[in-house]
Amino acid sequence: MVNLEWYRTFKSVYKNGNFSVAAKELFMSQPAVSQQISMLEAHVGYKLFNRKSKGVEPTEYAKLLNNLIIDALDRLENVESGFRAKAEDSVRLISVGISKDLFNSCGSILISKFDFIDFTFAEDDALFALVDAKKLDFAIMTKRFDTFDTIYEIVGKIKLIMVAPINLEAAEFRQKLKADNFTAIEQWLNEQKWYSHDARISHIKIFWLHAFNKKRPSMIPNYIIPSESEMLEMLSKNSGVAITWNCNARKYIKENKLQLLWNSFHVPEEYVYLLTAKNNTSSSFFESIAKELKLFLGNRM
């Protein structure tokens with residue numbers, strides 16, 4: 001049976017016209033190169049190289065053999081290089097920056113697809129600075145940055161929605177929504193217990209600004225739990241309402257732990273961006289991460 005390493009050695013000797021140069025290129029000893037060429041000659045039944053004062057020259061049969069195998073051998077080496085690159089990627093540690101708000105959903109998607117990730121939690125401006133300084137490989141954010149040294153890709157859209165436990169009786173609220181009675185809607189909401197993951201209640205303020213055209217909410221949060229995932233989990237077991245990203249609530253709604261209380265068309269969607277530095281050596285990861293995020297964020301409720 002023919003040994004493919006013989007053909008790899010033949011290719012190097014044919015290209016370089018020298019056993020010593022081929023040995024260095026293949027990280028082999030010169031006697032090992034000579035032995036493999038002799039074994040290939042015995043296998044094909046023809047002499048392949050004639051020795052000269054400096055190096056070797058191919059015989060006519062070697063020229064024919066080279067024409068027959070070179071394309072196939074190049075394809076095999078390309079396949080081998082591709083597998084090696086994937087194997088190296090599979091054990092490479094990548095660093096990803098993301099906000100705590102998005103980590104619960106987007107972070108879990110990446111953990112399920114990649115073996116080694118070092119996550120950093122920060123807000124968008126800080127994440128951009130880390131990527132720009134090449135201290136982070138990638139950042140997932142909701143703010144767009146256009147600079148010469150970074151590149152970004154839109155990987156999806158997210159939106160703030162209002163959720164509540166399954167056992168919350170919301171028929172009266174839905175009637176008020178249907179009637180567009182915003183005064184009554186706000187009054188009903190003020191009577192509920194409110195959950196927030198941030199003392200600044202930024203999500204609630206944004207929702208109120210667009211849904212009620214008010215800069216300040218008229219309610220006060222009852223419980224501030226500094227983790228959006230823990231907040232949603234506690235909400236699902238108790239009574240109250242909360243504002244959260246639709247991507248974070250999706251799992252709880254599908255599992256019938258929470259109900260979608262209000263998806264206001266006045267509240268705009270926001271783009272999610274994947275950011276990296278130009279000339280990043282992890283371009284294959286950028287494409288893979290973008291693909292996974294697009295599949296997840298494109299699967300809307």
# chains A, B, ... in the order shown; residues from 1 in each chain; ligands from 1

$ residues_around --residues "Leu160 of chain A" --least-positions-apart "6" --cutoff "8 Å" --atoms "only C-alpha atoms" --output "compact mmCIF listing (two decimals) with C-alpha atoms, in the first residue's frame"
# COMPACT_ATOMS: atom_id res chain seq x y z
CA HIS A 203 -35.00 49.71 31.81
CA PHE A 207 -40.01 51.83 28.82
CA ILE A 243 -39.21 45.25 32.54
CA THR A 244 -36.62 43.07 30.80
CA TRP A 245 -35.10 42.36 27.40
CA ASN A 246 -37.26 40.01 25.34
CA ASN A 263 -45.10 44.44 24.32
CA VAL A 267 -40.98 50.99 22.62
CA GLU A 269 -36.15 47.72 19.13

$ residues_around --residues "segment 284-299 of chain A" --least-positions-apart "3" --cutoff "8 Å" --atoms "only C-alpha atoms" --output "list in words"
Asp89, Cys106, Ile109, Leu110, Phe138, Glu153, Val155, Gly156, Lys157, Ile158, Cys247, Leu274 and Thr276 of chain A

$ closest_residue --among "A:Thr142, A:Ser218, A:Asn66, A:Asn256" --to "Pro165 of chain A" --atoms "only C-alpha atoms"
A:Asn256

$ residues_around --residues "Ser53 of chain A" --least-positions-apart "4" --cutoff "12 Å" --atoms "only C-alpha atoms" --output "list in words"
Gly17, Asn18 and Glu57 of chain A

$ residues_around --residues "Arg174 of chain A" --least-positions-apart "6" --cutoff "9 Å" --atoms "only C-alpha atoms" --output "PyMOL selection string"
chain A and resi 185+261-262

$ write_last_selection --atoms "N, CA, C and O atoms" --output "PDB file, in the first residue's frame"
ATOM      1  N   ILE A 185     -54.081  52.506  32.686  1.00  0.00           N
ATOM      2  CA  ILE A 185     -52.992  51.519  32.585  1.00  0.00           C
ATOM      3  C   ILE A 185     -51.907  51.839  33.611  1.00  0.00           C
ATOM      4  O   ILE A 185     -51.461  50.969  34.369  1.00  0.00           O
ATOM      5  N   LEU A 261     -46.714  40.485  29.529  1.00  0.00           N
ATOM      6  CA  LEU A 261     -47.792  41.369  29.965  1.00  0.00           C
ATOM      7  C   LEU A 261     -48.022  42.492  28.965  1.00  0.00           C
ATOM      8  O   LEU A 261     -49.162  42.843  28.659  1.00  0.00           O
ATOM      9  N   TRP A 262     -46.925  43.063  28.441  1.00  0.00           N
ATOM     10  CA  TRP A 262     -47.087  44.196  27.524  1.00  0.00           C
ATOM     11  C   TRP A 262     -45.866  44.290  26.623  1.00  0.00           C
ATOM     12  O   TRP A 262     -44.744  44.444  27.083  1.00  0.00           O
TER      13      TRP A 262
END

$ atom_distance --atom1 "atom CA of Tyr152 of chain A" --atom2 "atom CA of Tyr273 of chain A"
6.3 Å

$ residues_around --residues "segment 40-44 of chain A" --least-positions-apart "2" --cutoff "9 Å" --atoms "only C-alpha atoms" --output "PDB file with N, CA, C and O atoms, in the first residue's frame"
ATOM      1  N   MET A   1       0.858  -1.201   0.000  1.00  0.00           N
ATOM      2  CA  MET A   1       0.000   0.000   0.000  1.00  0.00           C
ATOM      3  C   MET A   1       0.890   1.246   0.000  1.00  0.00           C
ATOM      4  O   MET A   1       1.875   1.319   0.728  1.00  0.00           O
ATOM      5  N   VAL A   2       0.535   2.224  -0.834  1.00  0.00           N
ATOM      6  CA  VAL A   2       1.333   3.439  -0.950  1.00  0.00           C
ATOM      7  C   VAL A   2       1.189   4.289   0.310  1.00  0.00           C
ATOM      8  O   VAL A   2       0.129   4.354   0.931  1.00  0.00           O
ATOM      9  N   ASN A   3       2.283   4.933   0.694  1.00  0.00           N
ATOM     10  CA  ASN A   3       2.320   5.841   1.847  1.00  0.00           C
ATOM     11  C   ASN A   3       2.230   7.281   1.340  1.00  0.00           C
ATOM     12  O   ASN A   3       3.065   7.720   0.544  1.00  0.00           O
ATOM     13  N   TRP A   6       5.256   9.505   1.296  1.00  0.00           N
ATOM     14  CA  TRP A   6       6.218   9.410   0.199  1.00  0.00           C
ATOM     15  C   TRP A   6       5.945  10.499  -0.835  1.00  0.00           C
ATOM     16  O   TRP A   6       6.866  11.128  -1.359  1.00  0.00           O
ATOM     17  N   TYR A   7       4.656  10.692  -1.141  1.00  0.00           N
ATOM     18  CA  TYR A   7       4.303  11.701  -2.138  1.00  0.00           C
ATOM     19  C   TYR A   7       4.575  13.113  -1.623  1.00  0.00           C
ATOM     20  O   TYR A   7       4.954  14.002  -2.384  1.00  0.00           O
ATOM     21  N   PHE A  10       8.203  13.469  -2.046  1.00  0.00           N
ATOM     22  CA  PHE A  10       8.477  13.628  -3.487  1.00  0.00           C
ATOM     23  C   PHE A  10       8.188  15.058  -3.935  1.00  0.00           C
ATOM     24  O   PHE A  10       8.985  15.675  -4.659  1.00  0.00           O
ATOM     25  N   GLN A  35      15.540   7.719   1.916  1.00  0.00           N
ATOM     26  CA  GLN A  35      14.891   6.419   2.084  1.00  0.00           C
ATOM     27  C   GLN A  35      13.467   6.437   1.542  1.00  0.00           C
ATOM     28  O   GLN A  35      13.041   5.491   0.858  1.00  0.00           O
ATOM     29  N   GLN A  36      12.703   7.526   1.813  1.00  0.00           N
ATOM     30  CA  GLN A  36      11.322   7.592   1.322  1.00  0.00           C
ATOM     31  C   GLN A  36      11.281   7.676  -0.198  1.00  0.00           C
ATOM     32  O   GLN A  36      10.401   7.071  -0.820  1.00  0.00           O
ATOM     33  N   ILE A  37      12.226   8.409  -0.813  1.00  0.00           N
ATOM     34  CA  ILE A  37      12.253   8.483  -2.283  1.00  0.00           C
ATOM     35  C   ILE A  37      12.592   7.116  -2.868  1.00  0.00           C
ATOM     36  O   ILE A  37      11.996   6.681  -3.868  1.00  0.00           O
ATOM     37  N   SER A  38      13.525   6.392  -2.239  1.00  0.00           N
ATOM     38  CA  SER A  38      13.889   5.050  -2.712  1.00  0.00           C
ATOM     39  C   SER A  38      12.698   4.096  -2.622  1.00  0.00           C
ATOM     40  O   SER A  38      12.465   3.284  -3.528  1.00  0.00           O
ATOM     41  N   TYR A  46      10.059   3.010 -11.223  1.00  0.00           N
ATOM     42  CA  TYR A  46      10.847   3.902 -12.081  1.00  0.00           C
ATOM     43  C   TYR A  46      11.758   4.761 -11.216  1.00  0.00           C
ATOM     44  O   TYR A  46      11.424   5.110 -10.067  1.00  0.00           O
ATOM     45  N   LYS A  47      12.915   5.127 -11.796  1.00  0.00           N
ATOM     46  CA  LYS A  47      13.802   6.072 -11.115  1.00  0.00           C
ATOM     47  C   LYS A  47      13.206   7.460 -11.253  1.00  0.00           C
ATOM     48  O   LYS A  47      12.749   7.853 -12.323  1.00  0.00           O
ATOM     49  N   LEU A  48      13.207   8.225 -10.145  1.00  0.00           N
ATOM     50  CA  LEU A  48      12.539   9.528 -10.140  1.00  0.00           C
ATOM     51  C   LEU A  48      13.502  10.696 -10.199  1.00  0.00           C
ATOM     52  O   LEU A  48      13.156  11.757 -10.736  1.00  0.00           O
TER      53      LEU A  48
END

$ residues_around --residues "Ile166 of chain A" --least-positions-apart "3" --cutoff "9 Å" --atoms "only C-alpha atoms" --output "PDB file with C-alpha atoms, in the first residue's frame"
ATOM      1  CA  GLU A 169     -54.579  38.017  36.890  1.00  0.00           C
ATOM      2  CA  SER A 236     -41.713  33.889  38.444  1.00  0.00           C
ATOM      3  CA  ILE A 253     -42.163  32.487  28.866  1.00  0.00           C
ATOM      4  CA  ASN A 256     -44.697  28.987  31.420  1.00  0.00           C
ATOM      5  CA  LYS A 257     -42.958  30.631  34.342  1.00  0.00           C
ATOM      6  CA  LEU A 258     -43.722  34.165  33.149  1.00  0.00           C
ATOM      7  CA  GLN A 259     -46.318  35.756  30.916  1.00  0.00           C
ATOM      8  CA  LEU A 260     -45.800  38.551  28.422  1.00  0.00           C
TER       9      LEU A 260
END

$ residues_around --residues "segment 127-130 of chain A" --least-positions-apart "5" --cutoff "10 Å" --atoms "only C-alpha atoms" --output "number ranges by chain"
A: 96-99, 120-122, 135-141, 143-145, 150, 275-277

$ write_last_selection --atoms "C-alpha atoms" --output "PDB file, in the first residue's frame"
ATOM      1  CA  VAL A  96     -15.706  38.275  25.253  1.00  0.00           C
ATOM      2  CA  GLY A  97     -17.099  41.436  26.823  1.00  0.00           C
ATOM      3  CA  ILE A  98     -20.816  41.739  27.494  1.00  0.00           C
ATOM      4  CA  SER A  99     -23.198  43.582  29.780  1.00  0.00           C
ATOM      5  CA  THR A 120     -15.825  40.436  31.099  1.00  0.00           C
ATOM      6  CA  PHE A 121     -18.874  42.340  32.387  1.00  0.00           C
ATOM      7  CA  ALA A 122     -18.993  46.057  31.591  1.00  0.00           C
ATOM      8  CA  LYS A 135      -7.518  43.710  25.694  1.00  0.00           C
ATOM      9  CA  LEU A 136     -10.686  41.915  24.583  1.00  0.00           C
ATOM     10  CA  ASP A 137     -11.166  39.803  21.455  1.00  0.00           C
ATOM     11  CA  PHE A 138     -14.876  40.602  21.088  1.00  0.00           C
ATOM     12  CA  ALA A 139     -17.666  42.628  22.655  1.00  0.00           C
ATOM     13  CA  ILE A 140     -21.435  42.211  22.412  1.00  0.00           C
ATOM     14  CA  MET A 141     -23.167  45.556  22.845  1.00  0.00           C
ATOM     15  CA  LYS A 143     -24.250  50.809  21.087  1.00  0.00           C
ATOM     16  CA  ARG A 144     -22.632  51.334  17.705  1.00  0.00           C
ATOM     17  CA  PHE A 145     -19.035  52.516  17.403  1.00  0.00           C
ATOM     18  CA  THR A 150     -12.526  48.306  14.897  1.00  0.00           C
ATOM     19  CA  LEU A 275     -17.394  44.284  17.855  1.00  0.00           C
ATOM     20  CA  THR A 276     -13.758  43.285  17.316  1.00  0.00           C
ATOM     21  CA  ALA A 277     -10.466  44.964  16.466  1.00  0.00           C
TER      22      ALA A 277
END

$ closest_residue --among "A:Arg75, A:Lys63, A:Lys159, A:Arg51" --to "Arg250 of chain A" --atoms "only C-alpha atoms"
A:Lys159

$ select_by_dssp --residues "segment 112-291 of chain A" --states "strand (DSSP E)" --output "ChimeraX atom specification"
/A:117-121,138-141,150-158,160-165,194-196,223-224,241-245,258-262,270-277

$ atom_distance --atom1 "atom CA of Trp188 of chain A" --atom2 "atom CA of Leu102 of chain A"
28.9 Å

$ atom_distance --atom1 "atom CA of Ser95 of chain A" --atom2 "atom CA of Asn280 of chain A"
12.1 Å

$ decode --residues "segment 53-69 of chain A" --atoms "all heavy atoms" --output "CSV table (one decimal), in the first residue's frame"
chain,number,residue,atom,x,y,z
A,53,SER,N,25.9,17.5,-9.4
A,53,SER,CA,26.9,18.0,-8.5
A,53,SER,C,26.3,18.8,-7.3
A,53,SER,O,26.7,18.8,-6.2
A,53,SER,CB,27.9,18.8,-9.2
A,53,SER,OG,27.2,19.9,-9.9
A,54,LYS,N,25.2,19.5,-7.6
A,54,LYS,CA,24.5,20.3,-6.6
A,54,LYS,C,23.0,19.9,-6.7
A,54,LYS,O,22.3,20.4,-7.6
A,54,LYS,CB,24.6,21.8,-6.8
A,54,LYS,CG,26.0,22.3,-6.6
A,54,LYS,CD,26.1,23.8,-6.7
A,54,LYS,CE,27.5,24.3,-6.4
A,54,LYS,NZ,27.6,25.8,-6.6
A,55,GLY,N,22.6,18.9,-5.9
A,55,GLY,CA,21.2,18.6,-5.8
A,55,GLY,C,20.8,17.4,-6.8
A,55,GLY,O,21.7,16.6,-7.1
A,56,VAL,N,19.6,17.4,-7.2
A,56,VAL,CA,19.0,16.3,-8.0
A,56,VAL,C,18.2,17.0,-9.1
A,56,VAL,O,17.7,18.1,-9.0
A,56,VAL,CB,18.2,15.3,-7.3
A,56,VAL,CG1,19.1,14.5,-6.3
A,56,VAL,CG2,17.1,16.0,-6.5
A,57,GLU,N,17.9,16.2,-10.2
A,57,GLU,CA,17.0,16.7,-11.2
A,57,GLU,C,16.0,15.6,-11.5
A,57,GLU,O,16.3,14.4,-11.4
A,57,GLU,CB,17.7,17.1,-12.5
A,57,GLU,CG,18.5,15.9,-13.2
A,57,GLU,CD,19.1,16.4,-14.5
A,57,GLU,OE1,19.1,17.6,-14.8
A,57,GLU,OE2,19.7,15.5,-15.2
A,58,PRO,N,14.7,16.0,-11.8
A,58,PRO,CA,13.7,14.9,-12.0
A,58,PRO,C,13.9,14.2,-13.3
A,58,PRO,O,14.3,14.8,-14.3
A,58,PRO,CB,12.4,15.8,-11.9
A,58,PRO,CG,12.8,17.1,-12.4
A,58,PRO,CD,14.2,17.3,-11.9
A,59,THR,N,13.5,13.0,-13.3
A,59,THR,CA,13.5,12.2,-14.6
A,59,THR,C,12.2,12.5,-15.3
A,59,THR,O,11.3,13.2,-14.7
A,59,THR,CB,13.5,10.7,-14.3
A,59,THR,OG1,12.4,10.3,-13.5
A,59,THR,CG2,14.8,10.3,-13.5
A,60,GLU,N,12.0,12.1,-16.5
A,60,GLU,CA,10.8,12.3,-17.2
A,60,GLU,C,9.6,11.7,-16.5
A,60,GLU,O,8.5,12.2,-16.5
A,60,GLU,CB,10.9,11.7,-18.7
A,60,GLU,CG,11.9,12.5,-19.6
A,60,GLU,CD,11.5,14.0,-19.7
A,60,GLU,OE1,10.3,14.3,-19.9
A,60,GLU,OE2,12.4,14.8,-19.5
A,61,TYR,N,9.8,10.5,-15.9
A,61,TYR,CA,8.7,9.9,-15.2
A,61,TYR,C,8.3,10.7,-14.0
A,61,TYR,O,7.2,10.8,-13.6
A,61,TYR,CB,9.1,8.4,-14.8
A,61,TYR,CG,7.9,7.7,-14.2
A,61,TYR,CD1,7.0,7.0,-15.1
A,61,TYR,CD2,7.6,7.7,-12.9
A,61,TYR,CE1,5.9,6.4,-14.7
A,61,TYR,CE2,6.4,7.1,-12.4
A,61,TYR,CZ,5.6,6.4,-13.3
A,61,TYR,OH,4.4,5.8,-12.8
A,62,ALA,N,9.3,11.3,-13.3
A,62,ALA,CA,9.1,12.2,-12.2
A,62,ALA,C,8.2,13.4,-12.6
A,62,ALA,O,7.3,13.8,-11.9
A,62,ALA,CB,10.3,12.6,-11.5
A,63,LYS,N,8.5,13.9,-13.8
A,63,LYS,CA,7.7,15.0,-14.3
A,63,LYS,C,6.3,14.6,-14.5
A,63,LYS,O,5.3,15.3,-14.2
A,63,LYS,CB,8.3,15.6,-15.5
A,63,LYS,CG,9.7,16.2,-15.3
A,63,LYS,CD,10.3,16.7,-16.7
A,63,LYS,CE,11.7,17.2,-16.5
A,63,LYS,NZ,12.4,17.6,-17.7
A,64,LEU,N,6.1,13.4,-15.1
A,64,LEU,CA,4.7,12.9,-15.3
A,64,LEU,C,4.0,12.6,-14.0
A,64,LEU,O,2.9,13.0,-13.8
A,64,LEU,CB,4.8,11.6,-16.1
A,64,LEU,CG,3.5,10.8,-16.4
A,64,LEU,CD1,2.5,11.7,-17.1
A,64,LEU,CD2,3.8,9.5,-17.1
A,65,LEU,N,4.7,12.0,-13.0
A,65,LEU,CA,4.1,11.7,-11.7
A,65,LEU,C,3.7,13.0,-11.0
A,65,LEU,O,2.6,13.1,-10.5
A,65,LEU,CB,5.1,10.9,-10.9
A,65,LEU,CG,4.6,10.5,-9.5
A,65,LEU,CD1,3.4,9.6,-9.6
A,65,LEU,CD2,5.8,9.9,-8.7
A,66,ASN,N,4.5,14.0,-11.1
A,66,ASN,CA,4.2,15.3,-10.5
A,66,ASN,C,2.9,15.9,-11.1
A,66,ASN,O,2.1,16.4,-10.3
A,66,ASN,CB,5.4,16.3,-10.7
A,66,ASN,CG,5.1,17.6,-10.0
A,66,ASN,OD1,5.1,17.7,-8.8
A,66,ASN,ND2,4.9,18.6,-10.8
A,67,ASN,N,2.8,15.8,-12.4
A,67,ASN,CA,1.6,16.3,-13.0
A,67,ASN,C,0.3,15.6,-12.6
A,67,ASN,O,-0.8,16.1,-12.5
A,67,ASN,CB,1.7,16.3,-14.6
A,67,ASN,CG,2.7,17.3,-15.1
A,67,ASN,OD1,3.0,18.3,-14.5
A,67,ASN,ND2,3.3,17.0,-16.3
A,68,LEU,N,0.5,14.3,-12.3
A,68,LEU,CA,-0.6,13.4,-12.0
A,68,LEU,C,-1.1,13.6,-10.5
A,68,LEU,O,-2.3,13.6,-10.2
A,68,LEU,CB,-0.3,11.9,-12.2
A,68,LEU,CG,-0.1,11.5,-13.6
A,68,LEU,CD1,0.4,10.0,-13.7
A,68,LEU,CD2,-1.4,11.6,-14.4
A,69,ILE,N,-0.1,13.9,-9.6
A,69,ILE,CA,-0.5,13.9,-8.2
A,69,ILE,C,-0.6,15.3,-7.6
A,69,ILE,O,-1.2,15.5,-6.5
A,69,ILE,CB,0.5,13.1,-7.4
A,69,ILE,CG1,1.9,13.8,-7.3
A,69,ILE,CG2,0.6,11.7,-7.9
A,69,ILE,CD1,2.8,13.3,-6.3
